[in-house]
Amino acid sequence: DCIMKKIVVSKQRQSREYLSNPHSNKSLSERQNKSGCISYTKDVKYKDLGNGYSNIFIGVLQKALAISKKWSRYMLNEAYSAGLISQSFWFIEFKKVVKLIFCGKSEDEIKRLCLEENLFGAAKEYRAKRMFGYIIKRAKTLDKHLVDLFVTSDLSTQKLINLIAIMRLDRLMYEFVYEVYREKVILGILTIDDSDVNIFFNKKSVQCEDIALWKFSTLNHLRSNYINFLADANLITTIDKSKTFTPPILDVALERYLVANGERTLVKAITGVN
């Protein structure tokens with residue numbers, strides 16, 4: 001069980017020489033009122049130690065802690081990776097896999113369809129196998145609720161869910177969207193050029209030695225893919241070689257899901273809000 005513990009200390013206590021048990025004859029609620037401590041009235045379990053202090057066990061925070069652990073398994077503890085150089089947005093392929101999951105197909109059954117029936121229309125079997133590995137990993141970041149939401153959503157929302165799956169798995173892509181796309185939208189600067197992307201990677205190279213050791217060709221490929229992914233998700237529109245941000249109006253059901261799932265930062269990153 002996840003237990004959050006909070007120590008509530010009397011504001012009346014001025015020093016260690018102050019009476020060790022100033023309210024020993026008072027109930028917990030009376031001591032809270034007298035000392036100005038925070039009072040918890042909903043979903044709270046506490047143990048009164050009777051010494052001017054109280055250990056507060058806050059049940060309502062258990063869910064928040066569980067959500068935090070769930071979110072951390074995606075990418076918060078992941079090292080920076082250049083893995084996206086080997087991937088594409090693959091929306092059509094991702095959609096096929098998610099629909100098969102919705103219909104109750106197992107991972108082995110989906111893999112068989114990909115390899116034996118060439119579900120993705122790949123030119124070579126090794127290519128189909130590689131695509132399946134990447135796409136099934138994205139699909140696994142979707143819980144049942146998000147799978148259901150994907151299947152019933154419009155095309156724009158489905159593309160955003162594919163982008164969300166990518167960002168959940170790739171820390172650097174997530175930070176690119178949050179630090180470059182979001183910040184420029186907040187500032188009202190709705191265009192992006194090569195210098196913006198270069199500044200981002202230069203900053204990351206200073207922050208992370210591993211990124212500093214990446215080859216120029218790797219960084220160049222990532223630059224191209226990041227822009228392409230945002231364009232495929234309809235967050236960037238290209239007109240006459242000018243790339244313009246097009247922040248989406250997020251589907252209410254998707255926004256509520258992300259917030260309830262502890263992923264408010266993803267909402268901020270995608271919509272470009274402060």
# chains A, B, ... in the order shown; residues from 1 in each chain; ligands from 1

call {"tool": "residues_around", "arguments": {"residues": "Val177 of chain A", "least_positions_apart": "5", "cutoff": "9 Å", "atoms": "only C-alpha atoms", "output": "PyMOL selection string"}}
result
chain A and resi 167+172+182-183+226+230+269-270+272

call {"tool": "residues_around", "arguments": {"residues": "Arg256 of chain A", "least_positions_apart": "5", "cutoff": "12 Å", "atoms": "only C-alpha atoms", "output": "PyMOL selection string"}}
result
chain A and resi 145-146+149+250-251+261-264+266-267

call {"tool": "select_by_dssp", "arguments": {"residues": "segment 79-168 of chain A", "states": "helix (DSSP H, G or I)", "output": "number ranges by chain"}}
result
A: 83-86, 91-102, 107-116, 125-139, 144-152, 155-168

call {"tool": "residues_around", "arguments": {"residues": "segment 220-225 of chain A", "least_positions_apart": "5", "cutoff": "12 Å", "atoms": "only C-alpha atoms", "output": "number ranges by chain"}}
result
A: 81-90, 166, 170, 172-173, 176, 192-202, 211, 214-215, 230-232

call {"tool": "closest_residue", "arguments": {"among": "A:Ser153, A:Val147, A:Thr246, A:Ile189", "to": "Cys103 of chain A", "atoms": "only C-alpha atoms"}}
result
A:Val147

call {"tool": "closest_residue", "arguments": {"among": "A:Thr218, A:Asn118, A:Thr238, A:Asn162", "to": "Val98 of chain A", "atoms": "only C-alpha atoms"}}
result
A:Asn162

call {"tool": "select_by_dssp", "arguments": {"residues": "segment 105-240 of chain A", "states": "strand (DSSP E or B)", "output": "list of chain:residue names"}}
result
A:Thr191, A:Ile192, A:Ile236, A:Thr237, A:Thr238, A:Ile239

call {"tool": "write_last_selection", "arguments": {"atoms": "all heavy atoms", "output": "PDB file, in the first residue's frame"}}
result
ATOM      1  N   THR A 191       5.961  30.458 -36.005  1.00  0.00           N
ATOM      2  CA  THR A 191       6.797  29.891 -37.067  1.00  0.00           C
ATOM      3  C   THR A 191       8.024  29.241 -36.440  1.00  0.00           C
ATOM      4  O   THR A 191       8.468  29.621 -35.351  1.00  0.00           O
ATOM      5  CB  THR A 191       7.256  30.979 -38.055  1.00  0.00           C
ATOM      6  OG1 THR A 191       7.966  32.004 -37.338  1.00  0.00           O
ATOM      7  CG2 THR A 191       6.062  31.582 -38.782  1.00  0.00           C
ATOM      8  N   ILE A 192       8.571  28.260 -37.136  1.00  0.00           N
ATOM      9  CA  ILE A 192       9.770  27.573 -36.673  1.00  0.00           C
ATOM     10  C   ILE A 192      10.720  27.404 -37.852  1.00  0.00           C
ATOM     11  O   ILE A 192      10.283  27.156 -38.980  1.00  0.00           O
ATOM     12  CB  ILE A 192       9.421  26.193 -36.058  1.00  0.00           C
ATOM     13  CG1 ILE A 192      10.684  25.529 -35.483  1.00  0.00           C
ATOM     14  CG2 ILE A 192       8.709  25.294 -37.053  1.00  0.00           C
ATOM     15  CD1 ILE A 192      10.389  24.281 -34.664  1.00  0.00           C
ATOM     16  N   ILE A 236       1.980  21.245 -37.260  1.00  0.00           N
ATOM     17  CA  ILE A 236       2.752  22.146 -38.125  1.00  0.00           C
ATOM     18  C   ILE A 236       2.170  22.083 -39.532  1.00  0.00           C
ATOM     19  O   ILE A 236       1.855  21.013 -40.048  1.00  0.00           O
ATOM     20  CB  ILE A 236       4.243  21.753 -38.169  1.00  0.00           C
ATOM     21  CG1 ILE A 236       4.941  22.119 -36.861  1.00  0.00           C
ATOM     22  CG2 ILE A 236       4.958  22.429 -39.340  1.00  0.00           C
ATOM     23  CD1 ILE A 236       6.415  21.769 -36.828  1.00  0.00           C
ATOM     24  N   THR A 237       2.022  23.250 -40.136  1.00  0.00           N
ATOM     25  CA  THR A 237       1.585  23.348 -41.528  1.00  0.00           C
ATOM     26  C   THR A 237       2.693  24.019 -42.330  1.00  0.00           C
ATOM     27  O   THR A 237       3.236  25.042 -41.908  1.00  0.00           O
ATOM     28  CB  THR A 237       0.286  24.169 -41.642  1.00  0.00           C
ATOM     29  OG1 THR A 237      -0.738  23.551 -40.861  1.00  0.00           O
ATOM     30  CG2 THR A 237      -0.171  24.251 -43.086  1.00  0.00           C
ATOM     31  N   THR A 238       3.039  23.432 -43.456  1.00  0.00           N
ATOM     32  CA  THR A 238       4.101  23.985 -44.307  1.00  0.00           C
ATOM     33  C   THR A 238       3.498  24.613 -45.548  1.00  0.00           C
ATOM     34  O   THR A 238       2.791  23.950 -46.319  1.00  0.00           O
ATOM     35  CB  THR A 238       5.104  22.891 -44.709  1.00  0.00           C
ATOM     36  OG1 THR A 238       5.650  22.289 -43.529  1.00  0.00           O
ATOM     37  CG2 THR A 238       6.234  23.480 -45.539  1.00  0.00           C
ATOM     38  N   ILE A 239       3.770  25.904 -45.728  1.00  0.00           N
ATOM     39  CA  ILE A 239       3.301  26.635 -46.901  1.00  0.00           C
ATOM     40  C   ILE A 239       4.488  27.409 -47.487  1.00  0.00           C
ATOM     41  O   ILE A 239       5.089  28.250 -46.810  1.00  0.00           O
ATOM     42  CB  ILE A 239       2.166  27.617 -46.551  1.00  0.00           C
ATOM     43  CG1 ILE A 239       0.970  26.861 -45.936  1.00  0.00           C
ATOM     44  CG2 ILE A 239       1.724  28.390 -47.783  1.00  0.00           C
ATOM     45  CD1 ILE A 239      -0.149  27.770 -45.474  1.00  0.00           C
TER      46      ILE A 239
END

call {"tool": "residues_around", "arguments": {"residues": "Glu109 of chain A", "least_positions_apart": "4", "cutoff": "12 Å", "atoms": "only C-alpha atoms", "output": "PyMOL selection string"}}
result
chain A and resi 97+100-101+103-105+113-117+119+132+136

call {"tool": "decode", "arguments": {"residues": "segment 234-246 of chain A", "atoms": "all heavy atoms", "output": "PDB file, in the first residue's frame"}}
result
ATOM      1  N   ASN A 234      -0.512  17.166 -37.441  1.00  0.00           N
ATOM      2  CA  ASN A 234      -1.240  18.412 -37.752  1.00  0.00           C
ATOM      3  C   ASN A 234      -0.904  19.560 -36.795  1.00  0.00           C
ATOM      4  O   ASN A 234      -1.703  20.494 -36.664  1.00  0.00           O
ATOM      5  CB  ASN A 234      -2.761  18.177 -37.759  1.00  0.00           C
ATOM      6  CG  ASN A 234      -3.198  17.221 -38.840  1.00  0.00           C
ATOM      7  OD1 ASN A 234      -2.549  17.097 -39.881  1.00  0.00           O
ATOM      8  ND2 ASN A 234      -4.296  16.522 -38.607  1.00  0.00           N
ATOM      9  N   LEU A 235       0.260  19.510 -36.175  1.00  0.00           N
ATOM     10  CA  LEU A 235       0.696  20.612 -35.306  1.00  0.00           C
ATOM     11  C   LEU A 235       1.559  21.619 -36.063  1.00  0.00           C
ATOM     12  O   LEU A 235       1.842  22.700 -35.558  1.00  0.00           O
ATOM     13  CB  LEU A 235       1.466  20.079 -34.091  1.00  0.00           C
ATOM     14  CG  LEU A 235       0.713  19.135 -33.160  1.00  0.00           C
ATOM     15  CD1 LEU A 235       1.553  18.831 -31.925  1.00  0.00           C
ATOM     16  CD2 LEU A 235      -0.629  19.719 -32.752  1.00  0.00           C
ATOM     17  N   ILE A 236       1.980  21.245 -37.260  1.00  0.00           N
ATOM     18  CA  ILE A 236       2.752  22.146 -38.125  1.00  0.00           C
ATOM     19  C   ILE A 236       2.170  22.083 -39.532  1.00  0.00           C
ATOM     20  O   ILE A 236       1.855  21.013 -40.048  1.00  0.00           O
ATOM     21  CB  ILE A 236       4.243  21.753 -38.169  1.00  0.00           C
ATOM     22  CG1 ILE A 236       4.941  22.119 -36.861  1.00  0.00           C
ATOM     23  CG2 ILE A 236       4.958  22.429 -39.340  1.00  0.00           C
ATOM     24  CD1 ILE A 236       6.415  21.769 -36.828  1.00  0.00           C
ATOM     25  N   THR A 237       2.022  23.250 -40.136  1.00  0.00           N
ATOM     26  CA  THR A 237       1.585  23.348 -41.528  1.00  0.00           C
ATOM     27  C   THR A 237       2.693  24.019 -42.330  1.00  0.00           C
ATOM     28  O   THR A 237       3.236  25.042 -41.908  1.00  0.00           O
ATOM     29  CB  THR A 237       0.286  24.169 -41.642  1.00  0.00           C
ATOM     30  OG1 THR A 237      -0.738  23.551 -40.861  1.00  0.00           O
ATOM     31  CG2 THR A 237      -0.171  24.251 -43.086  1.00  0.00           C
ATOM     32  N   THR A 238       3.039  23.432 -43.456  1.00  0.00           N
ATOM     33  CA  THR A 238       4.101  23.985 -44.307  1.00  0.00           C
ATOM     34  C   THR A 238       3.498  24.613 -45.548  1.00  0.00           C
ATOM     35  O   THR A 238       2.791  23.950 -46.319  1.00  0.00           O
ATOM     36  CB  THR A 238       5.104  22.891 -44.709  1.00  0.00           C
ATOM     37  OG1 THR A 238       5.650  22.289 -43.529  1.00  0.00           O
ATOM     38  CG2 THR A 238       6.234  23.480 -45.539  1.00  0.00           C
ATOM     39  N   ILE A 239       3.770  25.904 -45.728  1.00  0.00           N
ATOM     40  CA  ILE A 239       3.301  26.635 -46.901  1.00  0.00           C
ATOM     41  C   ILE A 239       4.488  27.409 -47.487  1.00  0.00           C
ATOM     42  O   ILE A 239       5.089  28.250 -46.810  1.00  0.00           O
ATOM     43  CB  ILE A 239       2.166  27.617 -46.551  1.00  0.00           C
ATOM     44  CG1 ILE A 239       0.970  26.861 -45.936  1.00  0.00           C
ATOM     45  CG2 ILE A 239       1.724  28.390 -47.783  1.00  0.00           C
ATOM     46  CD1 ILE A 239      -0.149  27.770 -45.474  1.00  0.00           C
ATOM     47  N   ASP A 240       4.832  27.072 -48.721  1.00  0.00           N
ATOM     48  CA  ASP A 240       5.972  27.737 -49.390  1.00  0.00           C
ATOM     49  C   ASP A 240       7.233  27.680 -48.524  1.00  0.00           C
ATOM     50  O   ASP A 240       7.918  28.693 -48.295  1.00  0.00           O
ATOM     51  CB  ASP A 240       5.630  29.197 -49.714  1.00  0.00           C
ATOM     52  CG  ASP A 240       4.498  29.306 -50.716  1.00  0.00           C
ATOM     53  OD1 ASP A 240       4.348  28.377 -51.527  1.00  0.00           O
ATOM     54  OD2 ASP A 240       3.759  30.315 -50.654  1.00  0.00           O
ATOM     55  N   LYS A 241       7.523  26.516 -48.010  1.00  0.00           N
ATOM     56  CA  LYS A 241       8.712  26.240 -47.190  1.00  0.00           C
ATOM     57  C   LYS A 241       8.689  26.927 -45.830  1.00  0.00           C
ATOM     58  O   LYS A 241       9.651  26.828 -45.064  1.00  0.00           O
ATOM     59  CB  LYS A 241       9.987  26.630 -47.946  1.00  0.00           C
ATOM     60  CG  LYS A 241      10.229  25.825 -49.212  1.00  0.00           C
ATOM     61  CD  LYS A 241      11.567  26.190 -49.849  1.00  0.00           C
ATOM     62  CE  LYS A 241      11.803  25.350 -51.097  1.00  0.00           C
ATOM     63  NZ  LYS A 241      13.122  25.674 -51.720  1.00  0.00           N
ATOM     64  N   SER A 242       7.614  27.633 -45.518  1.00  0.00           N
ATOM     65  CA  SER A 242       7.475  28.260 -44.203  1.00  0.00           C
ATOM     66  C   SER A 242       6.668  27.331 -43.301  1.00  0.00           C
ATOM     67  O   SER A 242       5.545  26.939 -43.645  1.00  0.00           O
ATOM     68  CB  SER A 242       6.773  29.615 -44.326  1.00  0.00           C
ATOM     69  OG  SER A 242       6.544  30.180 -43.049  1.00  0.00           O
ATOM     70  N   LYS A 243       7.232  26.988 -42.165  1.00  0.00           N
ATOM     71  CA  LYS A 243       6.591  26.058 -41.233  1.00  0.00           C
ATOM     72  C   LYS A 243       5.874  26.857 -40.138  1.00  0.00           C
ATOM     73  O   LYS A 243       6.500  27.620 -39.407  1.00  0.00           O
ATOM     74  CB  LYS A 243       7.620  25.117 -40.621  1.00  0.00           C
ATOM     75  CG  LYS A 243       8.340  24.250 -41.651  1.00  0.00           C
ATOM     76  CD  LYS A 243       9.400  23.389 -41.002  1.00  0.00           C
ATOM     77  CE  LYS A 243      10.101  22.519 -42.036  1.00  0.00           C
ATOM     78  NZ  LYS A 243      10.865  23.323 -43.021  1.00  0.00           N
ATOM     79  N   THR A 244       4.580  26.656 -40.040  1.00  0.00           N
ATOM     80  CA  THR A 244       3.746  27.398 -39.095  1.00  0.00           C
ATOM     81  C   THR A 244       3.094  26.455 -38.105  1.00  0.00           C
ATOM     82  O   THR A 244       2.557  25.404 -38.487  1.00  0.00           O
ATOM     83  CB  THR A 244       2.644  28.177 -39.845  1.00  0.00           C
ATOM     84  OG1 THR A 244       3.255  29.032 -40.824  1.00  0.00           O
ATOM     85  CG2 THR A 244       1.827  29.016 -38.872  1.00  0.00           C
ATOM     86  N   PHE A 245       3.137  26.824 -36.828  1.00  0.00           N
ATOM     87  CA  PHE A 245       2.483  26.016 -35.798  1.00  0.00           C
ATOM     88  C   PHE A 245       0.965  26.169 -35.896  1.00  0.00           C
ATOM     89  O   PHE A 245       0.448  27.276 -36.101  1.00  0.00           O
ATOM     90  CB  PHE A 245       2.930  26.437 -34.402  1.00  0.00           C
ATOM     91  CG  PHE A 245       4.371  26.103 -34.097  1.00  0.00           C
ATOM     92  CD1 PHE A 245       5.175  27.000 -33.419  1.00  0.00           C
ATOM     93  CD2 PHE A 245       4.909  24.885 -34.480  1.00  0.00           C
ATOM     94  CE1 PHE A 245       6.492  26.690 -33.118  1.00  0.00           C
ATOM     95  CE2 PHE A 245       6.231  24.568 -34.197  1.00  0.00           C
ATOM     96  CZ  PHE A 245       7.020  25.468 -33.523  1.00  0.00           C
ATOM     97  N   THR A 246       0.270  25.066 -35.728  1.00  0.00           N
ATOM     98  CA  THR A 246      -1.201  25.077 -35.723  1.00  0.00           C
ATOM     99  C   THR A 246      -1.687  24.341 -34.481  1.00  0.00           C
ATOM    100  O   THR A 246      -2.025  23.153 -34.554  1.00  0.00           O
ATOM    101  CB  THR A 246      -1.754  24.409 -36.995  1.00  0.00           C
ATOM    102  OG1 THR A 246      -1.119  23.124 -37.170  1.00  0.00           O
ATOM    103  CG2 THR A 246      -1.505  25.267 -38.216  1.00  0.00           C
TER     104      THR A 246
END
